[in-house]
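Structure file structure30.cif with mmCIF, C-alpha atoms, pLDDT in the B column; chains and numbers go by the auth columns:
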data_structure
#
loop_
_atom_site.group_PDB
_atom_site.id
_atom_site.type_symbol
_atom_site.label_atom_id
_atom_site.label_comp_id
_atom_site.label_asym_id
_atom_site.label_seq_id
_atom_site.Cartn_x
_atom_site.Cartn_y
_atom_site.Cartn_z
_atom_site.B_iso_or_equiv
_atom_site.auth_seq_id
_atom_site.auth_asym_id
ATOM 1 C CA MET A 1 0.000 0.000 0.000 84.00 1 A
ATOM 2 C CA TYR A 2 2.706 2.487 1.055 96.00 2 A
ATOM 3 C CA LYS A 3 6.480 2.458 0.715 97.00 3 A
ATOM 4 C CA ASN A 4 7.304 5.316 3.094 98.00 4 A
ATOM 5 C CA TYR A 5 6.105 5.759 6.653 98.00 5 A
ATOM 6 C CA LEU A 6 6.606 9.076 8.469 98.00 6 A
ATOM 7 C CA PHE A 7 6.237 8.923 12.228 98.00 7 A
ATOM 8 C CA ASP A 8 5.660 11.558 14.830 98.00 8 A
ATOM 9 C CA LEU A 9 7.501 10.710 18.050 98.00 9 A
ATOM 10 C CA TYR A 10 6.053 12.057 21.301 98.00 10 A
ATOM 11 C CA GLY A 11 2.515 10.861 21.875 98.00 11 A
ATOM 12 C CA THR A 12 2.768 8.439 18.956 98.00 12 A
ATOM 13 C CA LEU A 13 5.684 6.104 19.654 98.00 13 A
ATOM 14 C CA VAL A 14 6.871 7.571 22.953 98.00 14 A
ATOM 15 C CA ASP A 15 4.872 8.360 26.076 98.00 15 A
ATOM 16 C CA ILE A 16 6.401 11.281 27.959 98.00 16 A
ATOM 17 C CA ASN A 17 5.499 13.601 30.805 98.00 17 A
ATOM 18 C CA THR A 18 7.490 16.796 31.300 98.00 18 A
ATOM 19 C CA ASN A 19 7.051 19.912 33.403 97.00 19 A
ATOM 20 C CA GLU A 20 9.173 22.972 32.660 97.00 20 A
ATOM 21 C CA TRP A 21 7.453 25.054 35.329 96.00 21 A
ATOM 22 C CA LYS A 22 8.276 23.132 38.489 96.00 22 A
ATOM 23 C CA SER A 23 10.342 25.001 41.065 97.00 23 A
ATOM 24 C CA TYR A 24 12.808 22.142 41.585 98.00 24 A
ATOM 25 C CA LEU A 25 13.903 22.375 37.942 98.00 25 A
ATOM 26 C CA TRP A 26 14.749 26.059 38.171 98.00 26 A
ATOM 27 C CA LYS A 27 16.472 25.645 41.520 98.00 27 A
ATOM 28 C CA LYS A 28 18.825 23.038 40.077 98.00 28 A
ATOM 29 C CA MET A 29 19.340 24.981 36.847 98.00 29 A
ATOM 30 C CA SER A 30 20.267 28.100 38.806 98.00 30 A
ATOM 31 C CA GLU A 31 22.830 26.011 40.672 98.00 31 A
ATOM 32 C CA LEU A 32 24.254 24.759 37.373 98.00 32 A
ATOM 33 C CA TYR A 33 24.648 28.312 36.103 98.00 33 A
ATOM 34 C CA GLY A 34 26.168 29.295 39.422 98.00 34 A
ATOM 35 C CA PHE A 35 28.825 26.630 38.918 97.00 35 A
ATOM 36 C CA GLU A 36 29.808 28.514 35.743 97.00 36 A
ATOM 37 C CA GLY A 37 29.908 31.846 37.590 97.00 37 A
ATOM 38 C CA ALA A 38 26.554 33.034 36.247 98.00 38 A
ATOM 39 C CA PHE A 39 24.467 33.771 39.315 98.00 39 A
ATOM 40 C CA TYR A 40 20.694 33.689 38.960 98.00 40 A
ATOM 41 C CA SER A 41 17.983 33.108 41.484 98.00 41 A
ATOM 42 C CA ALA A 42 15.653 30.305 40.428 98.00 42 A
ATOM 43 C CA ALA A 43 12.861 32.788 39.674 98.00 43 A
ATOM 44 C CA GLU A 44 15.189 35.114 37.748 98.00 44 A
ATOM 45 C CA LEU A 45 16.520 32.278 35.603 98.00 45 A
ATOM 46 C CA LYS A 46 13.053 30.961 34.846 98.00 46 A
ATOM 47 C CA LYS A 47 11.879 34.405 33.724 98.00 47 A
ATOM 48 C CA ALA A 48 15.013 34.997 31.653 98.00 48 A
ATOM 49 C CA TYR A 49 14.680 31.592 29.995 98.00 49 A
ATOM 50 C CA PHE A 50 11.143 32.085 28.744 98.00 50 A
ATOM 51 C CA GLU A 51 11.909 35.641 27.621 98.00 51 A
ATOM 52 C CA GLU A 52 14.929 34.422 25.665 98.00 52 A
ATOM 53 C CA VAL A 53 12.882 31.666 24.044 98.00 53 A
ATOM 54 C CA GLU A 54 10.525 34.332 22.716 98.00 54 A
ATOM 55 C CA ARG A 55 13.429 36.462 21.484 98.00 55 A
ATOM 56 C CA GLU A 56 14.887 33.489 19.639 98.00 56 A
ATOM 57 C CA LYS A 57 11.510 32.782 18.044 98.00 57 A
ATOM 58 C CA GLU A 58 11.228 36.355 16.819 98.00 58 A
ATOM 59 C CA MET A 59 14.720 36.187 15.295 97.00 59 A
ATOM 60 C CA VAL A 60 13.813 32.986 13.459 98.00 60 A
ATOM 61 C CA ARG A 61 10.579 34.554 12.159 97.00 61 A
ATOM 62 C CA ILE A 62 12.496 37.518 10.775 97.00 62 A
ATOM 63 C CA LYS A 63 15.088 35.312 9.060 97.00 63 A
ATOM 64 C CA ASN A 64 12.503 32.828 7.710 96.00 64 A
ATOM 65 C CA PRO A 65 9.393 34.806 6.745 96.00 65 A
ATOM 66 C CA VAL A 66 8.131 32.000 4.483 96.00 66 A
ATOM 67 C CA TYR A 67 7.553 29.717 7.489 97.00 67 A
ATOM 68 C CA GLU A 68 4.225 29.959 9.288 96.00 68 A
ATOM 69 C CA HIS A 69 5.267 27.625 12.109 98.00 69 A
ATOM 70 C CA ILE A 70 8.841 28.102 13.301 98.00 70 A
ATOM 71 C CA ASP A 71 11.152 26.425 15.783 98.00 71 A
ATOM 72 C CA ILE A 72 14.346 27.438 17.541 98.00 72 A
ATOM 73 C CA ARG A 73 17.506 25.759 18.751 98.00 73 A
ATOM 74 C CA ILE A 74 17.259 25.629 22.515 98.00 74 A
ATOM 75 C CA GLU A 75 21.046 25.410 22.871 98.00 75 A
ATOM 76 C CA ASN A 76 21.225 29.067 21.812 98.00 76 A
ATOM 77 C CA VAL A 77 18.937 30.016 24.691 98.00 77 A
ATOM 78 C CA PHE A 78 21.108 28.274 27.260 98.00 78 A
ATOM 79 C CA ASP A 79 24.264 29.795 25.797 98.00 79 A
ATOM 80 C CA ASN A 80 22.770 33.294 25.859 98.00 80 A
ATOM 81 C CA LEU A 81 21.726 32.952 29.490 98.00 81 A
ATOM 82 C CA LEU A 82 25.393 32.500 30.275 98.00 82 A
ATOM 83 C CA LYS A 83 26.455 35.413 28.065 97.00 83 A
ATOM 84 C CA PHE A 84 23.973 37.720 29.789 97.00 84 A
ATOM 85 C CA LYS A 85 26.035 37.354 32.960 97.00 85 A
ATOM 86 C CA GLY A 86 29.262 38.159 31.154 97.00 86 A
ATOM 87 C CA ILE A 87 30.532 34.584 31.111 97.00 87 A
ATOM 88 C CA GLU A 88 32.401 33.133 28.141 96.00 88 A
ATOM 89 C CA VAL A 89 30.478 30.116 26.881 97.00 89 A
ATOM 90 C CA PRO A 90 32.427 26.843 27.048 96.00 90 A
ATOM 91 C CA ASP A 91 32.331 24.581 24.006 96.00 91 A
ATOM 92 C CA GLY A 92 29.266 22.364 24.072 96.00 92 A
ATOM 93 C CA PHE A 93 27.668 24.158 27.011 98.00 93 A
ATOM 94 C CA GLY A 94 24.269 24.669 25.376 97.00 94 A
ATOM 95 C CA GLU A 95 23.918 21.057 24.273 96.00 95 A
ATOM 96 C CA TYR A 96 25.057 19.682 27.626 97.00 96 A
ATOM 97 C CA THR A 97 22.785 22.029 29.554 98.00 97 A
ATOM 98 C CA SER A 98 19.872 21.063 27.320 98.00 98 A
ATOM 99 C CA LYS A 99 20.286 17.449 28.373 97.00 99 A
ATOM 100 C CA ILE A 100 20.387 18.353 32.054 98.00 100 A
ATOM 101 C CA PHE A 101 17.301 20.532 31.641 98.00 101 A
ATOM 102 C CA ARG A 102 15.440 17.732 29.905 98.00 102 A
ATOM 103 C CA ILE A 103 16.381 15.081 32.457 97.00 103 A
ATOM 104 C CA ILE A 104 15.284 17.203 35.411 98.00 104 A
ATOM 105 C CA SER A 105 12.049 18.334 33.756 98.00 105 A
ATOM 106 C CA THR A 106 10.997 14.819 32.698 98.00 106 A
ATOM 107 C CA LYS A 107 8.783 12.838 35.042 98.00 107 A
ATOM 108 C CA TYR A 108 8.859 9.749 32.829 98.00 108 A
ATOM 109 C CA ILE A 109 9.616 8.650 29.292 98.00 109 A
ATOM 110 C CA LYS A 110 8.829 5.245 27.813 98.00 110 A
ATOM 111 C CA LEU A 111 7.769 3.501 24.629 98.00 111 A
ATOM 112 C CA TYR A 112 4.139 2.779 23.996 98.00 112 A
ATOM 113 C CA ASN A 113 3.403 -0.906 24.016 97.00 113 A
ATOM 114 C CA GLY A 114 3.964 -2.243 20.511 97.00 114 A
ATOM 115 C CA ALA A 115 5.910 0.775 19.200 98.00 115 A
ATOM 116 C CA GLU A 116 9.254 -0.916 18.681 97.00 116 A
ATOM 117 C CA GLU A 117 7.599 -3.991 17.210 96.00 117 A
ATOM 118 C CA LEU A 118 5.722 -1.811 14.704 97.00 118 A
ATOM 119 C CA LEU A 119 8.898 -0.167 13.455 97.00 119 A
ATOM 120 C CA THR A 120 10.655 -3.525 13.218 96.00 120 A
ATOM 121 C CA ALA A 121 7.756 -5.028 11.275 96.00 121 A
ATOM 122 C CA LEU A 122 7.826 -2.185 8.788 96.00 122 A
ATOM 123 C CA ARG A 123 11.561 -2.548 8.213 95.00 123 A
ATOM 124 C CA GLU A 124 11.237 -6.312 7.817 95.00 124 A
ATOM 125 C CA ALA A 125 8.492 -5.739 5.251 95.00 125 A
ATOM 126 C CA GLY A 126 10.934 -3.659 3.197 96.00 126 A
ATOM 127 C CA LYS A 127 9.333 -0.325 4.012 97.00 127 A
ATOM 128 C CA ASN A 128 11.142 2.961 4.529 98.00 128 A
ATOM 129 C CA VAL A 129 10.639 4.410 8.007 98.00 129 A
ATOM 130 C CA TYR A 130 11.265 8.062 8.852 98.00 130 A
ATOM 131 C CA LEU A 131 10.891 10.290 11.868 98.00 131 A
ATOM 132 C CA LEU A 132 9.349 13.742 11.408 98.00 132 A
ATOM 133 C CA THR A 133 9.079 15.406 14.787 98.00 133 A
ATOM 134 C CA ASN A 134 8.559 18.788 16.391 98.00 134 A
ATOM 135 C CA ALA A 135 11.392 18.568 18.870 98.00 135 A
ATOM 136 C CA GLN A 136 14.811 19.723 19.973 98.00 136 A
ATOM 137 C CA ARG A 137 17.691 17.655 18.609 97.00 137 A
ATOM 138 C CA SER A 138 19.585 18.005 21.900 97.00 138 A
ATOM 139 C CA PHE A 139 16.621 16.383 23.691 96.00 139 A
ATOM 140 C CA THR A 140 15.427 13.937 21.089 97.00 140 A
ATOM 141 C CA VAL A 141 18.552 12.185 19.821 98.00 141 A
ATOM 142 C CA PRO A 142 19.663 11.147 23.338 97.00 142 A
ATOM 143 C CA GLU A 143 16.108 9.988 24.101 98.00 143 A
ATOM 144 C CA LEU A 144 15.947 7.949 20.892 98.00 144 A
ATOM 145 C CA LYS A 145 19.199 6.234 21.823 98.00 145 A
ATOM 146 C CA PHE A 146 18.045 5.704 25.411 98.00 146 A
ATOM 147 C CA LEU A 147 14.830 4.064 24.173 98.00 147 A
ATOM 148 C CA GLY A 148 16.567 1.954 21.505 97.00 148 A
ATOM 149 C CA LEU A 149 14.853 3.684 18.579 97.00 149 A
ATOM 150 C CA TYR A 150 17.668 5.666 17.009 97.00 150 A
ATOM 151 C CA ASP A 151 18.647 2.970 14.519 96.00 151 A
ATOM 152 C CA LYS A 152 15.044 2.119 13.616 97.00 152 A
ATOM 153 C CA PHE A 153 14.711 4.974 11.114 98.00 153 A
ATOM 154 C CA ASP A 154 15.970 5.448 7.574 98.00 154 A
ATOM 155 C CA GLY A 155 15.977 9.176 8.157 98.00 155 A
ATOM 156 C CA ILE A 156 15.309 11.620 10.977 98.00 156 A
ATOM 157 C CA VAL A 157 14.081 15.198 10.475 98.00 157 A
ATOM 158 C CA ILE A 158 13.774 17.373 13.583 98.00 158 A
ATOM 159 C CA SER A 159 12.128 20.784 13.656 98.00 159 A
ATOM 160 C CA SER A 160 14.880 22.525 15.621 98.00 160 A
ATOM 161 C CA ASP A 161 17.394 21.671 12.870 98.00 161 A
ATOM 162 C CA GLU A 162 15.199 23.174 10.165 98.00 162 A
ATOM 163 C CA TYR A 163 13.737 26.177 12.057 98.00 163 A
ATOM 164 C CA VAL A 164 10.275 25.082 10.884 98.00 164 A
ATOM 165 C CA SER A 165 7.755 22.728 12.452 98.00 165 A
ATOM 166 C CA LYS A 166 4.518 20.834 11.792 98.00 166 A
ATOM 167 C CA PRO A 167 1.856 21.626 10.644 98.00 167 A
ATOM 168 C CA ASP A 168 3.775 23.853 8.225 98.00 168 A
ATOM 169 C CA LYS A 169 3.683 22.147 4.835 96.00 169 A
ATOM 170 C CA GLU A 170 7.235 23.372 4.243 97.00 170 A
ATOM 171 C CA PHE A 171 8.405 21.028 7.003 98.00 171 A
ATOM 172 C CA TYR A 172 6.728 18.132 5.230 98.00 172 A
ATOM 173 C CA ASN A 173 8.286 19.268 1.949 98.00 173 A
ATOM 174 C CA ILE A 174 11.734 19.075 3.535 98.00 174 A
ATOM 175 C CA ILE A 175 11.491 15.367 4.268 98.00 175 A
ATOM 176 C CA ILE A 176 9.766 14.648 0.939 98.00 176 A
ATOM 177 C CA ASP A 177 12.519 16.426 -0.998 98.00 177 A
ATOM 178 C CA ARG A 178 15.453 15.236 1.116 98.00 178 A
ATOM 179 C CA TYR A 179 14.635 11.561 0.666 98.00 179 A
ATOM 180 C CA SER A 180 13.001 11.826 -2.785 98.00 180 A
ATOM 181 C CA LEU A 181 9.695 10.411 -1.541 98.00 181 A
ATOM 182 C CA LYS A 182 6.613 10.140 -3.719 98.00 182 A
ATOM 183 C CA ARG A 183 3.581 11.593 -1.976 98.00 183 A
ATOM 184 C CA ASN A 184 1.207 8.857 -3.140 97.00 184 A
ATOM 185 C CA GLU A 185 3.534 6.249 -1.620 97.00 185 A
ATOM 186 C CA THR A 186 3.905 8.022 1.731 98.00 186 A
ATOM 187 C CA ILE A 187 1.808 8.102 4.900 98.00 187 A
ATOM 188 C CA MET A 188 2.113 10.136 8.112 98.00 188 A
ATOM 189 C CA ILE A 189 1.367 8.509 11.468 98.00 189 A
ATOM 190 C CA GLY A 190 0.760 10.817 14.418 98.00 190 A
ATOM 191 C CA ASN A 191 -1.316 11.655 17.465 98.00 191 A
ATOM 192 C CA ASP A 192 -2.081 15.328 16.867 98.00 192 A
ATOM 193 C CA CYS A 193 -5.077 16.167 14.684 97.00 193 A
ATOM 194 C CA THR A 194 -3.556 19.499 13.686 96.00 194 A
ATOM 195 C CA THR A 195 0.209 19.135 13.425 98.00 195 A
ATOM 196 C CA ASP A 196 0.262 15.559 12.153 98.00 196 A
ATOM 197 C CA ILE A 197 -3.063 15.075 10.390 98.00 197 A
ATOM 198 C CA GLU A 198 -4.109 18.458 9.020 97.00 198 A
ATOM 199 C CA GLY A 199 -0.480 19.288 8.296 98.00 199 A
ATOM 200 C CA SER A 200 0.113 16.144 6.271 98.00 200 A
ATOM 201 C CA TYR A 201 -3.252 16.574 4.519 98.00 201 A
ATOM 202 C CA ASN A 202 -2.239 20.060 3.387 97.00 202 A
ATOM 203 C CA ALA A 203 1.065 18.610 2.179 98.00 203 A
ATOM 204 C CA GLY A 204 -0.781 16.078 0.014 98.00 204 A
ATOM 205 C CA LEU A 205 -0.152 13.006 2.157 98.00 205 A
ATOM 206 C CA ASP A 206 -2.375 10.278 3.552 98.00 206 A
ATOM 207 C CA SER A 207 -2.279 9.856 7.316 98.00 207 A
ATOM 208 C CA LEU A 208 -3.146 7.627 10.232 98.00 208 A
ATOM 209 C CA TYR A 209 -4.334 9.257 13.443 98.00 209 A
ATOM 210 C CA ILE A 210 -3.809 7.587 16.809 98.00 210 A
ATOM 211 C CA HIS A 211 -5.510 9.132 19.809 98.00 211 A
ATOM 212 C CA SER A 212 -3.062 8.646 22.674 98.00 212 A
ATOM 213 C CA ASN A 213 -3.079 9.697 26.303 97.00 213 A
ATOM 214 C CA ILE A 214 -1.383 12.996 25.446 97.00 214 A
ATOM 215 C CA SER A 215 -3.276 13.836 22.263 98.00 215 A
ATOM 216 C CA PRO A 216 -5.017 17.215 22.182 95.00 216 A
ATOM 217 C CA GLU A 217 -8.764 17.219 21.770 93.00 217 A
ATOM 218 C CA VAL A 218 -9.942 16.548 18.234 93.00 218 A
ATOM 219 C CA ARG A 219 -11.740 19.600 16.914 85.00 219 A
ATOM 220 C CA GLY A 220 -13.547 19.613 13.607 87.00 220 A
ATOM 221 C CA GLU A 221 -13.120 17.070 10.847 90.00 221 A
ATOM 222 C CA LEU A 222 -10.389 14.458 11.327 95.00 222 A
ATOM 223 C CA LYS A 223 -8.673 14.395 7.929 95.00 223 A
ATOM 224 C CA SER A 224 -6.913 11.050 8.288 97.00 224 A
ATOM 225 C CA ARG A 225 -7.448 8.036 6.063 96.00 225 A
ATOM 226 C CA PHE A 226 -7.089 5.710 9.057 97.00 226 A
ATOM 227 C CA SER A 227 -7.651 6.166 12.777 97.00 227 A
ATOM 228 C CA VAL A 228 -7.012 4.333 16.028 97.00 228 A
ATOM 229 C CA MET A 229 -9.071 6.050 18.685 96.00 229 A
ATOM 230 C CA ASP A 230 -8.146 3.900 21.694 97.00 230 A
ATOM 231 C CA GLY A 231 -4.379 4.513 21.555 97.00 231 A
ATOM 232 C CA ASP A 232 -3.503 0.892 20.786 96.00 232 A
ATOM 233 C CA VAL A 233 -0.314 1.041 18.704 97.00 233 A
ATOM 234 C CA LYS A 234 -0.576 -2.689 17.991 95.00 234 A
ATOM 235 C CA LYS A 235 -3.591 -2.041 15.743 95.00 235 A
ATOM 236 C CA ILE A 236 -1.593 0.103 13.340 95.00 236 A
ATOM 237 C CA LYS A 237 0.347 -2.732 11.718 89.00 237 A
ATOM 238 C CA ASP A 238 -2.682 -4.528 10.299 88.00 238 A
ATOM 239 C CA MET A 239 -4.081 -1.271 8.927 90.00 239 A
ATOM 240 C CA ILE A 240 -1.112 -0.041 6.963 88.00 240 A
ATOM 241 C CA ILE A 241 1.276 -2.927 6.192 84.00 241 A
ATOM 242 C CA LYS A 242 0.183 -4.729 3.064 70.00 242 A
#
Using structure tokens, write down the structure from this file.
Amino acid sequence: MYKNYLFDLYGTLVDINTNEWKSYLWKKMSELYGFEGAFYSAAELKKAYFEEVEREKEMVRIKNPVYEHIDIRIENVFDNLLKFKGIEVPDGFGEYTSKIFRIISTKYIKLYNGAEELLTALREAGKNVYLLTNAQRSFTVPELKFLGLYDKFDGIVISSDEYVSKPDKEFYNIIIDRYSLKRNETIMIGNDCTTDIEGSYNAGLDSLYIHSNISPEVRGELKSRFSVMDGDVKKIKDMIIK
């Protein structure tokens, strides 16, 4: 039926719970910056972080006016928070700090039951399997390796690398063009009715919607060819592997 399978990650293959607002996170992050000589209170660092995220977004919008839905590289935010205190940024600081931030802010991360088996079945059936995710590379690549998924994909496209994110059709065009995929041979699998389903529809792709525990509420028409409304990943294989 299809040759190419594009997967969303979080909420589709991976169940995750994060909280970037909890006080413990900002207490520990302020200590980390203090170790580098950049002294912030927890509240000051939290405020500065979210303000810098917005500044980075605005810079990306200015540089990439064609994109309707942009993304940033979070490493730049962490580097700038050090620069604001007059500290020279060590090599790799932003990427390392991103990992620490992610670990502290994550309550749990795990595969959905049947996720790894689905990817393996697709590969064994001779299909091409790709990851198309709205995410930060500095978070996502370590998590893929931790979960044993990194080598399950023929290609990985992450929004932070491209400065554009789903549902922007330009993000879909990137993966289509990069891997020379034919649209009528390609399907998107995801848990978000807007970013994954409407986005792929606007890009001329079929899709499969899975309603997981962290899916947003479905509003309006669900524009997927297939759907799994009870979150059971195991049902996907029989629907789309032929």
Contact check, stretch 119-166 of chain A to stretch 94-115 of chain A, at most 9 Å, counting all atoms listed in the file, closest pairs as a Markdown table:
| residue | atom | partner | partner_atom | distance |
| --- | --- | --- | --- | --- |
| A:Leu119 | CA | A:Ala115 | CA | 6.5 |
| A:Thr120 | CA | A:Ala115 | CA | 8.8 |
| A:Ser138 | CA | A:Glu95 | CA | 5.8 |
| A:Phe139 | CA | A:Lys99 | CA | 6.0 |
| A:Pro142 | CA | A:Lys99 | CA | 8.1 |
| A:Glu143 | CA | A:Ile109 | CA | 8.4 |
| A:Leu147 | CA | A:Leu111 | CA | 7.1 |
Generate a file of the selected residues that holds C-alpha atoms, formatted as a PDB file, in the frame of the given file.
ATOM      1  CA  LEU A 119       8.898  -0.167  13.455  1.00 97.00           C
ATOM      2  CA  THR A 120      10.655  -3.525  13.218  1.00 96.00           C
ATOM      3  CA  SER A 138      19.585  18.005  21.900  1.00 97.00           C
ATOM      4  CA  PHE A 139      16.621  16.383  23.691  1.00 96.00           C
ATOM      5  CA  PRO A 142      19.663  11.147  23.338  1.00 97.00           C
ATOM      6  CA  GLU A 143      16.108   9.988  24.101  1.00 98.00           C
ATOM      7  CA  LEU A 147      14.830   4.064  24.173  1.00 98.00           C
TER       8      LEU A 147
END
Run through the PyMOL selection byres ((chain A and resi 79-81) around 9) on the given coordinates and return the selected residues as a ChimeraX atom specification.
/A:33,38,45,48-49,52,74-78,82-85,89-90,93-95,97
Under the PyMOL selection byres ((chain A and resi 161) around 9), which residues of this model are included? Write them out as a PyMOL selection string.
chain A and resi 71-73+136-137+157-160+162-164
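When the PyMOL selection byres ((chain A and resi 183) around 12) is evaluated on the file shown here, the picked residues come out as A:Tyr2, A:Lys3, A:Asn4, A:Tyr5, A:Leu6, A:Tyr172, A:Asn173, A:Ile175, A:Ile176, A:Asp177, A:Tyr179, A:Ser180, A:Leu181, A:Lys182, A:Asn184, A:Glu185, A:Thr186, A:Ile187, A:Met188, A:Ser200, A:Tyr201, A:Asn202, A:Ala203, A:Gly204, A:Leu205, A:Asp206, A:Ser207.
For the set A:Tyr67, A:Gly126, A:Ser215, A:Lys145, the residue with the smallest atom-to-atom gap to A:Ile16 is A:Ser215, counting only C-alpha atoms.
Using all atoms listed in the file, the nearest neighbour of A:Thr133 within the list A:Ile189, A:Leu25, A:Met229, A:Ala121 is A:Ile189.
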A:Glu217 surroundings by only C-alpha atoms, 12 Å radius, close-in-sequence under 3 positions cut, as a count of residues only:
13
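Taking only C-alpha atoms into account, the protein, DNA and RNA residues within 7 Å of (-8.2, 12.8, 13.7) read Cys193, Ile197, Tyr209, Val218, Leu222, Lys223, Ser224 and Ser227 of chain A.
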Any idea what the distance is between atom CA of A:Gly190 and atom CA of A:Ser165?
14.0 Å
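Distance annotation: of A:Val141, A:Val53, A:Leu132, A:Leu118, the residue with the minimal separation from A:Lys234 is A:Leu118; atom set is all atoms listed in the file.
Restricting the calculation to all atoms listed in the file, the smallest distance between A:Leu131 and any of A:Met29, A:Val66, A:Val233, A:Ile156 is found for A:Ile156.
The closest residue to A:Glu116, picked from A:Tyr150, A:Glu51, A:Arg219, A:Ile87 and counting all atoms listed in the file, is A:Tyr150.
With only C-alpha atoms as the atoms that count, the residue of A:Val129, A:Val228, A:Glu170, A:Glu198 with the shortest distance to A:Asn64 is A:Glu170.
Atom CA of A:Val60 is positioned 27.2 Å from atom CA of A:Ala42.
Here atom CA of A:Leu208 is placed at a distance of 16.1 Å from atom CA of A:Asn128.
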